[in-house]
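Report on the structure given below.
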Amino acid sequence: MAGIRNGRPYRRLVAAQRALGLPCWICGHNIPERVDGRRHPLAFTLDHLIPLSRGGDLLDPANARSAHRRCNSARGNRTGGTSQVRASRKW
């Protein structure tokens, strides 16, 4: 399954999702267009509404969501998004 993430259909889905310019679906904040490196915590990642480990479809656009790298990593393979995020202490 890991090899398919480098395939053209997956890269096309990532590009299409990024082009939408949507905020992070988990925290609701904007995702910067340019950040230093792909490993930056605020970098764009493609997240899946239904995690792949729970039967989600890798290439289904309806399962694709825009997310920050840190939000995606913190969510792990749990289902749901915004209901599990704690409110920021910075108002």
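Starting from 1 in every chain, residues are counted up; chains themselves are A, B, ... following the order of the structure tokens, and ligands are numbered from 1 as listed.
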
Mind checking which residues fall within 10 Å of Thr79 in chain A, counting only C-alpha atoms, ignoring those fewer than 5 positions away in the same chain, and posting them as a list in words?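 These residues fall inside the cut-off: His48, Leu49, Ile50, Pro51, Arg54 and Gln84 of chain A.
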
Next, write the just-selected residues to a file, as a CSV table (one decimal), in the first residue's frame, keeping N, CA and C atoms as the atom set.
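Generated output (part_17.csv):
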```csv
chain,number,residue,atom,x,y,z
A,48,HIS,N,-7.1,11.8,5.8
A,48,HIS,CA,-8.3,11.0,5.4
A,48,HIS,C,-9.3,11.0,6.4
A,49,LEU,N,-10.5,11.4,6.1
A,49,LEU,CA,-11.7,11.4,7.0
A,49,LEU,C,-11.8,10.1,7.7
A,50,ILE,N,-11.9,9.0,6.9
A,50,ILE,CA,-11.9,7.7,7.5
A,50,ILE,C,-10.4,7.2,7.3
A,51,PRO,N,-9.7,7.0,8.4
A,51,PRO,CA,-8.3,6.5,8.3
A,51,PRO,C,-8.2,5.3,7.5
A,54,ARG,N,-8.6,2.0,9.0
A,54,ARG,CA,-10.0,1.7,9.4
A,54,ARG,C,-10.9,1.5,8.2
A,84,GLN,N,-12.5,16.6,18.6
A,84,GLN,CA,-11.4,16.1,19.5
A,84,GLN,C,-10.3,17.1,19.7
```

Based on DSSP run over this structure's backbone, return all residues of chain A in alpha helix (DSSP H), as a short mmCIF file (atom, residue, chain, number, x, y, z; two decimals) with N, CA, C and O atoms, in the first residue's frame.
```
data_model
loop_
_atom_site.label_atom_id
_atom_site.label_comp_id
_atom_site.auth_asym_id
_atom_site.auth_seq_id
_atom_site.Cartn_x
_atom_site.Cartn_y
_atom_site.Cartn_z
N ARG A 8 0.95 8.24 -9.47
CA ARG A 8 0.36 9.41 -10.10
C ARG A 8 -1.04 9.73 -9.59
O ARG A 8 -1.33 10.90 -9.31
N PRO A 9 -1.94 8.76 -9.43
CA PRO A 9 -3.29 9.10 -8.93
C PRO A 9 -3.25 9.74 -7.53
O PRO A 9 -3.99 10.70 -7.28
N TYR A 10 -2.39 9.26 -6.66
CA TYR A 10 -2.29 9.84 -5.32
C TYR A 10 -1.71 11.25 -5.38
O TYR A 10 -2.23 12.18 -4.74
N ARG A 11 -0.65 11.44 -6.16
CA ARG A 11 -0.05 12.77 -6.30
C ARG A 11 -1.06 13.75 -6.90
O ARG A 11 -1.11 14.92 -6.52
N ARG A 12 -1.88 13.28 -7.83
CA ARG A 12 -2.91 14.13 -8.44
C ARG A 12 -3.96 14.54 -7.39
O ARG A 12 -4.39 15.69 -7.36
N LEU A 13 -4.35 13.60 -6.54
CA LEU A 13 -5.31 13.91 -5.48
C LEU A 13 -4.73 14.92 -4.49
O LEU A 13 -5.41 15.87 -4.09
N VAL A 14 -3.47 14.75 -4.11
CA VAL A 14 -2.81 15.69 -3.19
C VAL A 14 -2.78 17.08 -3.81
O VAL A 14 -3.11 18.08 -3.17
N ALA A 15 -2.39 17.17 -5.08
CA ALA A 15 -2.30 18.46 -5.76
C ALA A 15 -3.67 19.13 -5.86
O ALA A 15 -3.80 20.35 -5.64
N ALA A 16 -4.69 18.35 -6.16
CA ALA A 16 -6.05 18.91 -6.28
C ALA A 16 -6.54 19.41 -4.93
O ALA A 16 -7.14 20.49 -4.84
N GLN A 17 -6.28 18.66 -3.87
CA GLN A 17 -6.71 19.07 -2.53
C GLN A 17 -5.97 20.33 -2.09
O GLN A 17 -6.56 21.26 -1.56
N ARG A 18 -4.67 20.38 -2.35
CA ARG A 18 -3.87 21.55 -1.97
C ARG A 18 -4.34 22.78 -2.74
O ARG A 18 -4.41 23.88 -2.19
N ALA A 19 -4.67 22.61 -4.01
CA ALA A 19 -5.10 23.73 -4.85
C ALA A 19 -6.40 24.37 -4.36
O ALA A 19 -6.67 25.53 -4.65
N ARG A 69 0.49 19.24 9.20
CA ARG A 69 1.22 18.02 9.54
C ARG A 69 1.03 17.67 11.01
O ARG A 69 0.77 16.54 11.37
N ARG A 70 1.13 18.67 11.90
CA ARG A 70 1.03 18.37 13.34
C ARG A 70 -0.38 17.94 13.73
O ARG A 70 -0.55 17.09 14.58
N CYS A 71 -1.40 18.54 13.11
CA CYS A 71 -2.78 18.15 13.42
C CYS A 71 -3.05 16.73 12.95
O CYS A 71 -3.68 15.94 13.65
N ASN A 72 -2.57 16.41 11.75
CA ASN A 72 -2.75 15.09 11.18
C ASN A 72 -2.05 14.04 12.05
O ASN A 72 -2.62 12.99 12.37
N SER A 73 -0.83 14.35 12.47
CA SER A 73 -0.08 13.41 13.31
C SER A 73 -0.73 13.22 14.67
O SER A 73 -0.80 12.11 15.18
N ALA A 74 -1.22 14.30 15.25
CA ALA A 74 -1.85 14.21 16.57
C ALA A 74 -3.15 13.42 16.51
O ALA A 74 -3.50 12.72 17.46
N ARG A 75 -3.86 13.53 15.41
CA ARG A 75 -5.13 12.81 15.26
C ARG A 75 -4.90 11.31 15.13
O ARG A 75 -5.70 10.50 15.58
#
```

Chain A: which residues are strand (DSSP E) by DSSP, as a list in words?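 Result set for chain A (strand (DSSP E)): Phe44, Thr45, Leu46, Asp47, His48, Ala64, Arg65, Ser66, Ala67 and His68 of chain A.
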
His29 in chain A: which residues within 10 Å, counting only C-alpha atoms, same-chain residues fewer than 5 positions away excluded, as a list in words?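 Here the answer would be Leu22, Pro23, Cys24, Leu42, Ala67 and His68 of chain A.
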
Point out the residue among A:Leu52, A:Asn30, A:Asn77, A:Asp47 with the least atom-to-atom distance to Ala64 in chain A, counting only C-alpha atoms.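 Closest to Ala64 in chain A of all the choices is A:Asp47.
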